[in-house]
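The next block is protein-v6.pdb, given as PDB, N, CA and C atoms.
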ATOM      1  N   MET A 197     -24.602 -28.504 -25.241
ATOM      2  CA  MET A 197     -24.853 -27.575 -26.326
ATOM      3  C   MET A 197     -23.682 -26.600 -26.412
ATOM      4  N   GLU A 198     -23.186 -26.411 -27.631
ATOM      5  CA  GLU A 198     -22.051 -25.504 -27.855
ATOM      6  C   GLU A 198     -22.540 -24.071 -27.959
ATOM      7  N   LYS A 199     -21.855 -23.181 -27.268
ATOM      8  CA  LYS A 199     -22.225 -21.767 -27.289
ATOM      9  C   LYS A 199     -21.695 -21.112 -28.561
ATOM     10  N   GLN A 200     -22.573 -20.410 -29.265
ATOM     11  CA  GLN A 200     -22.164 -19.700 -30.472
ATOM     12  C   GLN A 200     -21.441 -18.411 -30.081
ATOM     13  N   PRO A 201     -20.324 -18.088 -30.747
ATOM     14  CA  PRO A 201     -19.642 -16.826 -30.443
ATOM     15  C   PRO A 201     -20.535 -15.644 -30.814
ATOM     16  N   HIS A 202     -20.449 -14.599 -30.003
ATOM     17  CA  HIS A 202     -21.236 -13.389 -30.258
ATOM     18  C   HIS A 202     -20.713 -12.713 -31.515
ATOM     19  N   GLN A 203     -21.604 -12.429 -32.459
ATOM     20  CA  GLN A 203     -21.201 -11.748 -33.683
ATOM     21  C   GLN A 203     -21.489 -10.263 -33.555
ATOM     22  N   GLN A 204     -20.479  -9.471 -33.845
ATOM     23  CA  GLN A 204     -20.625  -8.023 -33.807
ATOM     24  C   GLN A 204     -21.396  -7.566 -35.038
ATOM     25  N   GLN A 205     -22.372  -6.693 -34.838
ATOM     26  CA  GLN A 205     -23.123  -6.138 -35.959
ATOM     27  C   GLN A 205     -22.343  -4.945 -36.507
ATOM     28  N   ILE A 206     -22.098  -4.970 -37.803
ATOM     29  CA  ILE A 206     -21.336  -3.905 -38.456
ATOM     30  C   ILE A 206     -22.283  -3.093 -39.320
ATOM     31  N   GLN A 207     -22.234  -1.789 -39.155
ATOM     32  CA  GLN A 207     -23.030  -0.912 -39.996
ATOM     33  C   GLN A 207     -22.203  -0.528 -41.212
ATOM     34  N   ILE A 208     -22.808  -0.605 -42.382
ATOM     35  CA  ILE A 208     -22.134  -0.312 -43.635
ATOM     36  C   ILE A 208     -22.616   1.035 -44.159
ATOM     37  N   GLN A 209     -21.676   1.884 -44.525
ATOM     38  CA  GLN A 209     -22.011   3.169 -45.134
ATOM     39  C   GLN A 209     -21.725   3.058 -46.628
ATOM     40  N   LEU A 210     -22.705   3.381 -47.428
ATOM     41  CA  LEU A 210     -22.575   3.290 -48.880
ATOM     42  C   LEU A 210     -23.027   4.613 -49.486
ATOM     43  N   ASP A 211     -22.050   5.423 -49.926
ATOM     44  CA  ASP A 211     -22.429   6.704 -50.504
ATOM     45  C   ASP A 211     -22.919   6.514 -51.939
ATOM     46  N   GLU A 212     -23.512   7.553 -52.499
ATOM     47  CA  GLU A 212     -24.170   7.458 -53.796
ATOM     48  C   GLU A 212     -23.226   7.024 -54.914
ATOM     49  N   SER A 213     -22.011   7.573 -54.952
ATOM     50  CA  SER A 213     -21.094   7.213 -56.038
ATOM     51  C   SER A 213     -20.656   5.753 -55.928
ATOM     52  N   ALA A 214     -20.448   5.263 -54.722
ATOM     53  CA  ALA A 214     -20.076   3.859 -54.556
ATOM     54  C   ALA A 214     -21.253   2.940 -54.881
ATOM     55  N   ALA A 215     -22.457   3.375 -54.581
ATOM     56  CA  ALA A 215     -23.650   2.568 -54.838
ATOM     57  C   ALA A 215     -23.874   2.339 -56.333
ATOM     58  N   GLU A 216     -23.379   3.256 -57.168
ATOM     59  CA  GLU A 216     -23.512   3.091 -58.616
ATOM     60  C   GLU A 216     -22.700   1.905 -59.113
ATOM     61  N   GLY A 217     -21.615   1.582 -58.434
ATOM     62  CA  GLY A 217     -20.777   0.462 -58.827
ATOM     63  C   GLY A 217     -19.859   0.808 -59.983
ATOM     64  N   ILE A 218     -18.932  -0.085 -60.248
ATOM     65  CA  ILE A 218     -17.999   0.056 -61.359
ATOM     66  C   ILE A 218     -18.059  -1.248 -62.146
ATOM     67  N   TYR A 219     -18.365  -1.144 -63.426
ATOM     68  CA  TYR A 219     -18.420  -2.336 -64.268
ATOM     69  C   TYR A 219     -17.010  -2.808 -64.582
ATOM     70  N   SER A 220     -16.799  -4.109 -64.460
ATOM     71  CA  SER A 220     -15.514  -4.702 -64.796
ATOM     72  C   SER A 220     -15.749  -6.030 -65.494
ATOM     73  N   ASN A 221     -15.018  -6.262 -66.590
ATOM     74  CA  ASN A 221     -15.092  -7.550 -67.272
ATOM     75  C   ASN A 221     -13.706  -8.180 -67.392
ATOM     76  N   PHE A 222     -12.770  -7.643 -66.626
ATOM     77  CA  PHE A 222     -11.379  -8.107 -66.707
ATOM     78  C   PHE A 222     -10.709  -7.791 -65.372
ATOM     79  N   VAL A 223     -10.047  -8.759 -64.793
ATOM     80  CA  VAL A 223      -9.334  -8.501 -63.539
ATOM     81  C   VAL A 223      -7.964  -9.159 -63.604
ATOM     82  N   LEU A 224      -6.981  -8.446 -63.126
ATOM     83  CA  LEU A 224      -5.629  -8.983 -62.999
ATOM     84  C   LEU A 224      -5.364  -9.160 -61.516
ATOM     85  N   THR A 225      -4.749 -10.264 -61.165
ATOM     86  CA  THR A 225      -4.435 -10.501 -59.765
ATOM     87  C   THR A 225      -2.938 -10.680 -59.605
ATOM     88  N   GLY A 226      -2.457 -10.283 -58.469
ATOM     89  CA  GLY A 226      -1.060 -10.481 -58.119
ATOM     90  C   GLY A 226      -0.972 -10.643 -56.620
ATOM     91  N   ASN A 227       0.167 -11.078 -56.154
ATOM     92  CA  ASN A 227       0.315 -11.212 -54.713
ATOM     93  C   ASN A 227       1.771 -11.092 -54.294
ATOM     94  N   THR A 228       1.940 -10.710 -53.054
ATOM     95  CA  THR A 228       3.220 -10.737 -52.364
ATOM     96  C   THR A 228       2.992 -11.651 -51.166
ATOM     97  N   PRO A 229       4.003 -11.918 -50.356
ATOM     98  CA  PRO A 229       3.754 -12.751 -49.174
ATOM     99  C   PRO A 229       2.730 -12.151 -48.208
ATOM    100  N   SER A 230       2.533 -10.829 -48.246
ATOM    101  CA  SER A 230       1.658 -10.193 -47.259
ATOM    102  C   SER A 230       0.369  -9.606 -47.815
ATOM    103  N   GLU A 231       0.173  -9.642 -49.146
ATOM    104  CA  GLU A 231      -1.048  -9.039 -49.686
ATOM    105  C   GLU A 231      -1.416  -9.614 -51.045
ATOM    106  N   PHE A 232      -2.705  -9.480 -51.366
ATOM    107  CA  PHE A 232      -3.229  -9.819 -52.677
ATOM    108  C   PHE A 232      -3.691  -8.522 -53.326
ATOM    109  N   ILE A 233      -3.423  -8.370 -54.618
ATOM    110  CA  ILE A 233      -3.799  -7.168 -55.350
ATOM    111  C   ILE A 233      -4.761  -7.584 -56.455
ATOM    112  N   LEU A 234      -5.920  -6.913 -56.507
ATOM    113  CA  LEU A 234      -6.919  -7.162 -57.541
ATOM    114  C   LEU A 234      -7.117  -5.864 -58.312
ATOM    115  N   ASP A 235      -6.776  -5.856 -59.595
ATOM    116  CA  ASP A 235      -6.980  -4.701 -60.460
ATOM    117  C   ASP A 235      -8.189  -4.979 -61.343
ATOM    118  N   PHE A 236      -9.286  -4.259 -61.101
ATOM    119  CA  PHE A 236     -10.514  -4.423 -61.864
ATOM    120  C   PHE A 236     -10.492  -3.444 -63.031
ATOM    121  N   ALA A 237     -10.648  -3.996 -64.238
ATOM    122  CA  ALA A 237     -10.520  -3.194 -65.449
ATOM    123  C   ALA A 237     -11.684  -3.468 -66.386
ATOM    124  N   ARG A 238     -11.727  -2.663 -67.426
ATOM    125  CA  ARG A 238     -12.725  -2.819 -68.467
ATOM    126  C   ARG A 238     -11.993  -2.998 -69.781
ATOM    127  N   LEU A 239     -12.277  -4.095 -70.451
ATOM    128  CA  LEU A 239     -11.680  -4.397 -71.747
ATOM    129  C   LEU A 239     -12.772  -4.263 -72.802
ATOM    130  N   LEU A 240     -12.562  -3.370 -73.764
ATOM    131  CA  LEU A 240     -13.567  -3.145 -74.803
ATOM    132  C   LEU A 240     -13.103  -3.754 -76.121
ATOM    133  N   PRO A 241     -14.034  -4.335 -76.871
ATOM    134  CA  PRO A 241     -13.677  -4.954 -78.150
ATOM    135  C   PRO A 241     -12.988  -3.954 -79.077
ATOM    136  N   GLY A 242     -11.927  -4.408 -79.716
ATOM    137  CA  GLY A 242     -11.229  -3.580 -80.686
ATOM    138  C   GLY A 242     -10.201  -2.637 -80.102
ATOM    139  N   LEU A 243     -10.142  -2.517 -78.795
ATOM    140  CA  LEU A 243      -9.146  -1.637 -78.178
ATOM    141  C   LEU A 243      -8.015  -2.487 -77.596
ATOM    142  N   PRO A 244      -6.767  -2.072 -77.802
ATOM    143  CA  PRO A 244      -5.636  -2.882 -77.346
ATOM    144  C   PRO A 244      -5.328  -2.752 -75.849
ATOM    145  N   LYS A 245      -5.975  -1.801 -75.162
ATOM    146  CA  LYS A 245      -5.679  -1.574 -73.751
ATOM    147  C   LYS A 245      -6.914  -1.774 -72.900
ATOM    148  N   ALA A 246      -6.675  -2.232 -71.670
ATOM    149  CA  ALA A 246      -7.740  -2.316 -70.672
ATOM    150  C   ALA A 246      -7.429  -1.266 -69.618
ATOM    151  N   LYS A 247      -8.419  -0.463 -69.260
ATOM    152  CA  LYS A 247      -8.218   0.575 -68.260
ATOM    153  C   LYS A 247      -8.629   0.055 -66.890
ATOM    154  N   VAL A 248      -7.734   0.203 -65.907
ATOM    155  CA  VAL A 248      -8.042  -0.197 -64.531
ATOM    156  C   VAL A 248      -8.880   0.898 -63.898
ATOM    157  N   PHE A 249     -10.026   0.517 -63.336
ATOM    158  CA  PHE A 249     -10.925   1.462 -62.684
ATOM    159  C   PHE A 249     -10.862   1.369 -61.171
ATOM    160  N   SER A 250     -10.367   0.240 -60.661
ATOM    161  CA  SER A 250     -10.305   0.097 -59.215
ATOM    162  C   SER A 250      -9.240  -0.938 -58.842
ATOM    163  N   ARG A 251      -8.460  -0.627 -57.821
ATOM    164  CA  ARG A 251      -7.475  -1.571 -57.293
ATOM    165  C   ARG A 251      -7.848  -1.870 -55.848
ATOM    166  N   ILE A 252      -7.939  -3.147 -55.531
ATOM    167  CA  ILE A 252      -8.226  -3.587 -54.170
ATOM    168  C   ILE A 252      -7.004  -4.348 -53.664
ATOM    169  N   VAL A 253      -6.520  -3.960 -52.499
ATOM    170  CA  VAL A 253      -5.389  -4.631 -51.869
ATOM    171  C   VAL A 253      -5.911  -5.261 -50.582
ATOM    172  N   MET A 254      -5.676  -6.553 -50.392
ATOM    173  CA  MET A 254      -6.191  -7.257 -49.221
ATOM    174  C   MET A 254      -5.146  -8.191 -48.631
ATOM    175  N   THR A 255      -5.357  -8.530 -47.371
ATOM    176  CA  THR A 255      -4.486  -9.506 -46.715
ATOM    177  C   THR A 255      -4.800 -10.896 -47.287
ATOM    178  N   PRO A 256      -3.880 -11.847 -47.162
ATOM    179  CA  PRO A 256      -4.179 -13.211 -47.619
ATOM    180  C   PRO A 256      -5.432 -13.787 -46.947
ATOM    181  N   GLN A 257      -5.615 -13.484 -45.664
ATOM    182  CA  GLN A 257      -6.791 -13.997 -44.947
ATOM    183  C   GLN A 257      -8.081 -13.411 -45.539
ATOM    184  N   SER A 258      -8.079 -12.114 -45.844
ATOM    185  CA  SER A 258      -9.261 -11.493 -46.442
ATOM    186  C   SER A 258      -9.510 -12.034 -47.843
ATOM    187  N   ALA A 259      -8.445 -12.275 -48.602
ATOM    188  CA  ALA A 259      -8.595 -12.828 -49.949
ATOM    189  C   ALA A 259      -9.210 -14.223 -49.888
ATOM    190  N   LYS A 260      -8.782 -15.032 -48.922
ATOM    191  CA  LYS A 260      -9.339 -16.384 -48.796
ATOM    192  C   LYS A 260     -10.800 -16.320 -48.363
ATOM    193  N   SER A 261     -11.129 -15.393 -47.474
ATOM    194  CA  SER A 261     -12.533 -15.214 -47.071
ATOM    195  C   SER A 261     -13.377 -14.795 -48.266
ATOM    196  N   LEU A 262     -12.854 -13.899 -49.109
ATOM    197  CA  LEU A 262     -13.551 -13.492 -50.320
ATOM    198  C   LEU A 262     -13.783 -14.694 -51.232
ATOM    199  N   HIS A 263     -12.759 -15.506 -51.398
ATOM    200  CA  HIS A 263     -12.859 -16.716 -52.218
ATOM    201  C   HIS A 263     -13.991 -17.623 -51.708
ATOM    202  N   GLU A 264     -14.048 -17.819 -50.403
ATOM    203  CA  GLU A 264     -15.065 -18.698 -49.824
ATOM    204  C   GLU A 264     -16.470 -18.133 -49.997
ATOM    205  N   VAL A 265     -16.631 -16.831 -49.724
ATOM    206  CA  VAL A 265     -17.972 -16.243 -49.840
ATOM    207  C   VAL A 265     -18.411 -16.167 -51.301
ATOM    208  N   LEU A 266     -17.484 -15.918 -52.230
ATOM    209  CA  LEU A 266     -17.843 -15.935 -53.654
ATOM    210  C   LEU A 266     -18.279 -17.330 -54.079
ATOM    211  N   GLY A 267     -17.578 -18.349 -53.591
ATOM    212  CA  GLY A 267     -17.957 -19.728 -53.908
ATOM    213  C   GLY A 267     -19.370 -20.049 -53.438
ATOM    214  N   ARG A 268     -19.688 -19.646 -52.199
ATOM    215  CA  ARG A 268     -21.047 -19.876 -51.672
ATOM    216  C   ARG A 268     -22.086 -19.088 -52.471
ATOM    217  N   THR A 269     -21.771 -17.840 -52.797
ATOM    218  CA  THR A 269     -22.711 -16.990 -53.523
ATOM    219  C   THR A 269     -22.957 -17.524 -54.933
ATOM    220  N   ILE A 270     -21.910 -17.985 -55.597
ATOM    221  CA  ILE A 270     -22.060 -18.565 -56.933
ATOM    222  C   ILE A 270     -22.885 -19.845 -56.851
ATOM    223  N   GLY A 271     -22.642 -20.648 -55.828
ATOM    224  CA  GLY A 271     -23.435 -21.864 -55.630
ATOM    225  C   GLY A 271     -24.915 -21.558 -55.467
ATOM    226  N   GLN A 272     -25.243 -20.539 -54.685
ATOM    227  CA  GLN A 272     -26.639 -20.138 -54.489
ATOM    228  C   GLN A 272     -27.247 -19.624 -55.792
ATOM    229  N   TYR A 273     -26.465 -18.833 -56.529
ATOM    230  CA  TYR A 273     -26.931 -18.307 -57.819
ATOM    231  C   TYR A 273     -27.259 -19.463 -58.768
ATOM    232  N   GLU A 274     -26.337 -20.431 -58.867
ATOM    233  CA  GLU A 274     -26.535 -21.540 -59.796
ATOM    234  C   GLU A 274     -27.702 -22.425 -59.376
ATOM    235  N   LYS A 275     -27.965 -22.537 -58.085
ATOM    236  CA  LYS A 275     -29.139 -23.283 -57.620
ATOM    237  C   LYS A 275     -30.415 -22.615 -58.108
ATOM    238  N   SER A 276     -30.431 -21.295 -58.092
ATOM    239  CA  SER A 276     -31.624 -20.543 -58.491
ATOM    240  C   SER A 276     -31.764 -20.396 -59.996
ATOM    241  N   PHE A 277     -30.646 -20.170 -60.699
ATOM    242  CA  PHE A 277     -30.713 -19.786 -62.109
ATOM    243  C   PHE A 277     -30.033 -20.756 -63.068
ATOM    244  N   GLY A 278     -29.396 -21.772 -62.562
ATOM    245  CA  GLY A 278     -28.703 -22.720 -63.421
ATOM    246  C   GLY A 278     -27.211 -22.442 -63.493
ATOM    247  N   GLU A 279     -26.501 -23.405 -64.025
ATOM    248  CA  GLU A 279     -25.040 -23.328 -64.093
ATOM    249  C   GLU A 279     -24.574 -22.141 -64.930
ATOM    250  N   ILE A 280     -23.571 -21.465 -64.425
ATOM    251  CA  ILE A 280     -22.936 -20.382 -65.177
ATOM    252  C   ILE A 280     -21.935 -21.028 -66.122
ATOM    253  N   LYS A 281     -22.101 -20.777 -67.395
ATOM    254  CA  LYS A 281     -21.193 -21.350 -68.391
ATOM    255  C   LYS A 281     -20.081 -20.346 -68.687
ATOM    256  N   ILE A 282     -18.870 -20.829 -68.733
ATOM    257  CA  ILE A 282     -17.720 -19.999 -69.091
ATOM    258  C   ILE A 282     -17.229 -20.472 -70.442
ATOM    259  N   LYS A 283     -17.186 -19.543 -71.396
ATOM    260  CA  LYS A 283     -16.706 -19.890 -72.727
ATOM    261  C   LYS A 283     -15.233 -20.237 -72.638
ATOM    262  N   SER A 284     -14.860 -21.278 -73.351
ATOM    263  CA  SER A 284     -13.444 -21.615 -73.433
ATOM    264  C   SER A 284     -13.074 -21.701 -74.899
ATOM    265  N   GLY A 285     -11.819 -21.660 -75.149
ATOM    266  CA  GLY A 285     -11.358 -21.684 -76.523
ATOM    267  C   GLY A 285     -10.452 -20.508 -76.792
ATOM    268  N   LYS A 286      -9.761 -20.560 -77.886
ATOM    269  CA  LYS A 286      -8.744 -19.569 -78.189
ATOM    270  C   LYS A 286      -9.316 -18.177 -78.456
ATOM    271  N   THR A 287     -10.539 -18.064 -78.944
ATOM    272  CA  THR A 287     -11.067 -16.747 -79.287
ATOM    273  C   THR A 287     -11.275 -15.860 -78.069
ATOM    274  N   ASN A 288     -11.597 -16.425 -76.912
ATOM    275  CA  ASN A 288     -11.859 -15.628 -75.721
ATOM    276  C   ASN A 288     -10.765 -15.772 -74.671
ATOM    277  N   SER A 289      -9.650 -16.394 -75.023
ATOM    278  CA  SER A 289      -8.636 -16.695 -74.020
ATOM    279  C   SER A 289      -7.985 -15.450 -73.424
ATOM    280  N   ALA A 290      -8.012 -14.326 -74.123
ATOM    281  CA  ALA A 290      -7.370 -13.113 -73.597
ATOM    282  C   ALA A 290      -8.379 -12.179 -72.935
ATOM    283  N   ILE A 291      -9.633 -12.579 -72.859
ATOM    284  CA  ILE A 291     -10.658 -11.709 -72.290
ATOM    285  C   ILE A 291     -11.243 -12.377 -71.053
ATOM    286  N   GLY A 292     -11.460 -11.593 -70.028
ATOM    287  CA  GLY A 292     -12.121 -12.107 -68.830
ATOM    288  C   GLY A 292     -11.240 -12.004 -67.611
ATOM    289  N   PHE A 293     -11.566 -12.753 -66.608
ATOM    290  CA  PHE A 293     -10.867 -12.690 -65.334
ATOM    291  C   PHE A 293      -9.702 -13.672 -65.359
ATOM    292  N   GLN A 294      -8.503 -13.140 -65.133
ATOM    293  CA  GLN A 294      -7.287 -13.950 -65.237
ATOM    294  C   GLN A 294      -6.322 -13.595 -64.127
ATOM    295  N   ALA A 295      -5.441 -14.497 -63.843
ATOM    296  CA  ALA A 295      -4.379 -14.233 -62.873
ATOM    297  C   ALA A 295      -3.148 -13.719 -63.613
ATOM    298  N   ALA A 296      -2.486 -12.751 -63.007
ATOM    299  CA  ALA A 296      -1.218 -12.254 -63.551
ATOM    300  C   ALA A 296      -0.137 -13.278 -63.230
ATOM    301  N   PRO A 297       0.989 -13.257 -63.974
ATOM    302  CA  PRO A 297       2.074 -14.182 -63.635
ATOM    303  C   PRO A 297       2.587 -13.883 -62.236
ATOM    304  N   PRO A 298       3.099 -14.907 -61.521
ATOM    305  CA  PRO A 298       3.646 -14.666 -60.185
ATOM    306  C   PRO A 298       4.715 -13.581 -60.230
ATOM    307  N   GLU A 299       4.768 -12.755 -59.175
ATOM    308  CA  GLU A 299       5.708 -11.626 -59.099
ATOM    309  C   GLU A 299       7.147 -12.061 -59.363
ATOM    310  N   ASP A 300       7.543 -13.209 -58.802
ATOM    311  CA  ASP A 300       8.934 -13.614 -58.930
ATOM    312  C   ASP A 300       9.288 -14.077 -60.341
ATOM    313  N   GLN A 301       8.265 -14.295 -61.198
ATOM    314  CA  GLN A 301       8.544 -14.725 -62.565
ATOM    315  C   GLN A 301       8.107 -13.681 -63.586
ATOM    316  N   ALA A 302       7.512 -12.580 -63.142
ATOM    317  CA  ALA A 302       6.930 -11.608 -64.059
ATOM    318  C   ALA A 302       7.958 -11.019 -65.014
ATOM    319  N   GLY A 303       9.175 -10.763 -64.553
ATOM    320  CA  GLY A 303      10.175 -10.135 -65.408
ATOM    321  C   GLY A 303      11.112 -11.110 -66.077
ATOM    322  N   LYS A 304      10.989 -12.412 -65.769
ATOM    323  CA  LYS A 304      11.902 -13.423 -66.341
ATOM    324  C   LYS A 304      11.394 -13.902 -67.668
ATOM    325  N   LYS A 305      12.312 -14.300 -68.544
ATOM    326  CA  LYS A 305      11.940 -14.858 -69.845
ATOM    327  C   LYS A 305      12.497 -16.238 -69.990
TER
END

When written as structure tokens, how does the structure in this file appear?
Amino acid sequence: MEKQPHQQQIQIQLDESAAEGIYSNFVLTGNTPSEFILDFARLLPGLPKAKVFSRIVMTPQSAKSLHEVLGRTIGQYEKSFGEIKIKSGKTNSAIGFQAAPPEDQAGKK
């Protein structure tokens, strides 16, 4: 029988303002060799700008862990509530969660 590694219990502190959450319907992502940057913003119909409300900077390892846990969580959600449909087509192509161009190509034309 394989011994399971001991998992440390982590206590989470969540103050009132953080518990309210921040609504985001648009995220820009970028990365360097040592970090991933996630800018969570709100894009409102008819306005030409999206305002960033929160920036999260993480290590590549943390970003990959986030990717894995989001995948599992979405899978569980879809098992309970059905497939999440993502609209595609030109009308919504500029709205939603998107990746920014790679840093090394961002300024090139």

Selection result of the PyMOL selection byres ((chain A and resi 252) around 6) on this file, as a list in words: Phe232, Ile233, Leu234, Asp235, Phe236, Ser250, Arg251, Val253 and Met254 of chain A

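The interatomic distance for the pair CA of Lys247 (chain A) and atom N of Leu210 (chain A) works out to 25.5 Å.
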
Atom-to-atom span, CA of Asn221 (chain A) and CA of Arg238 (chain A), Å: 5.4 Å

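Here atom N of Phe222 (chain A) stands at a distance of 22.2 Å from atom N of Gly278 (chain A).
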
Would you kindly place N, CA, C and O atoms on region 270-281 of chain A and return the model as a PDB file, keeping the file's coordinate frame?
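The new file part03.pdb reads:
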ATOM      1  N   ILE A 270     -21.910 -17.985 -55.597  1.00  0.00           N
ATOM      2  CA  ILE A 270     -22.060 -18.565 -56.933  1.00  0.00           C
ATOM      3  C   ILE A 270     -22.885 -19.845 -56.851  1.00  0.00           C
ATOM      4  O   ILE A 270     -23.757 -20.089 -57.687  1.00  0.00           O
ATOM      5  N   GLY A 271     -22.642 -20.648 -55.828  1.00  0.00           N
ATOM      6  CA  GLY A 271     -23.435 -21.864 -55.630  1.00  0.00           C
ATOM      7  C   GLY A 271     -24.915 -21.558 -55.467  1.00  0.00           C
ATOM      8  O   GLY A 271     -25.781 -22.222 -56.063  1.00  0.00           O
ATOM      9  N   GLN A 272     -25.243 -20.539 -54.685  1.00  0.00           N
ATOM     10  CA  GLN A 272     -26.639 -20.138 -54.489  1.00  0.00           C
ATOM     11  C   GLN A 272     -27.247 -19.624 -55.792  1.00  0.00           C
ATOM     12  O   GLN A 272     -28.390 -19.943 -56.130  1.00  0.00           O
ATOM     13  N   TYR A 273     -26.465 -18.833 -56.529  1.00  0.00           N
ATOM     14  CA  TYR A 273     -26.931 -18.307 -57.819  1.00  0.00           C
ATOM     15  C   TYR A 273     -27.259 -19.463 -58.768  1.00  0.00           C
ATOM     16  O   TYR A 273     -28.318 -19.486 -59.392  1.00  0.00           O
ATOM     17  N   GLU A 274     -26.337 -20.431 -58.867  1.00  0.00           N
ATOM     18  CA  GLU A 274     -26.535 -21.540 -59.796  1.00  0.00           C
ATOM     19  C   GLU A 274     -27.702 -22.425 -59.376  1.00  0.00           C
ATOM     20  O   GLU A 274     -28.386 -22.992 -60.233  1.00  0.00           O
ATOM     21  N   LYS A 275     -27.965 -22.537 -58.085  1.00  0.00           N
ATOM     22  CA  LYS A 275     -29.139 -23.283 -57.620  1.00  0.00           C
ATOM     23  C   LYS A 275     -30.415 -22.615 -58.108  1.00  0.00           C
ATOM     24  O   LYS A 275     -31.371 -23.284 -58.484  1.00  0.00           O
ATOM     25  N   SER A 276     -30.431 -21.295 -58.092  1.00  0.00           N
ATOM     26  CA  SER A 276     -31.624 -20.543 -58.491  1.00  0.00           C
ATOM     27  C   SER A 276     -31.764 -20.396 -59.996  1.00  0.00           C
ATOM     28  O   SER A 276     -32.873 -20.448 -60.529  1.00  0.00           O
ATOM     29  N   PHE A 277     -30.646 -20.170 -60.699  1.00  0.00           N
ATOM     30  CA  PHE A 277     -30.713 -19.786 -62.109  1.00  0.00           C
ATOM     31  C   PHE A 277     -30.033 -20.756 -63.068  1.00  0.00           C
ATOM     32  O   PHE A 277     -30.053 -20.535 -64.272  1.00  0.00           O
ATOM     33  N   GLY A 278     -29.396 -21.772 -62.562  1.00  0.00           N
ATOM     34  CA  GLY A 278     -28.703 -22.720 -63.421  1.00  0.00           C
ATOM     35  C   GLY A 278     -27.211 -22.442 -63.493  1.00  0.00           C
ATOM     36  O   GLY A 278     -26.734 -21.387 -63.074  1.00  0.00           O
ATOM     37  N   GLU A 279     -26.501 -23.405 -64.025  1.00  0.00           N
ATOM     38  CA  GLU A 279     -25.040 -23.328 -64.093  1.00  0.00           C
ATOM     39  C   GLU A 279     -24.574 -22.141 -64.930  1.00  0.00           C
ATOM     40  O   GLU A 279     -25.112 -21.865 -66.000  1.00  0.00           O
ATOM     41  N   ILE A 280     -23.571 -21.465 -64.425  1.00  0.00           N
ATOM     42  CA  ILE A 280     -22.936 -20.382 -65.177  1.00  0.00           C
ATOM     43  C   ILE A 280     -21.935 -21.028 -66.122  1.00  0.00           C
ATOM     44  O   ILE A 280     -21.045 -21.748 -65.693  1.00  0.00           O
ATOM     45  N   LYS A 281     -22.101 -20.777 -67.395  1.00  0.00           N
ATOM     46  CA  LYS A 281     -21.193 -21.350 -68.391  1.00  0.00           C
ATOM     47  C   LYS A 281     -20.081 -20.346 -68.687  1.00  0.00           C
ATOM     48  O   LYS A 281     -20.340 -19.158 -68.853  1.00  0.00           O
TER      49      LYS A 281
END
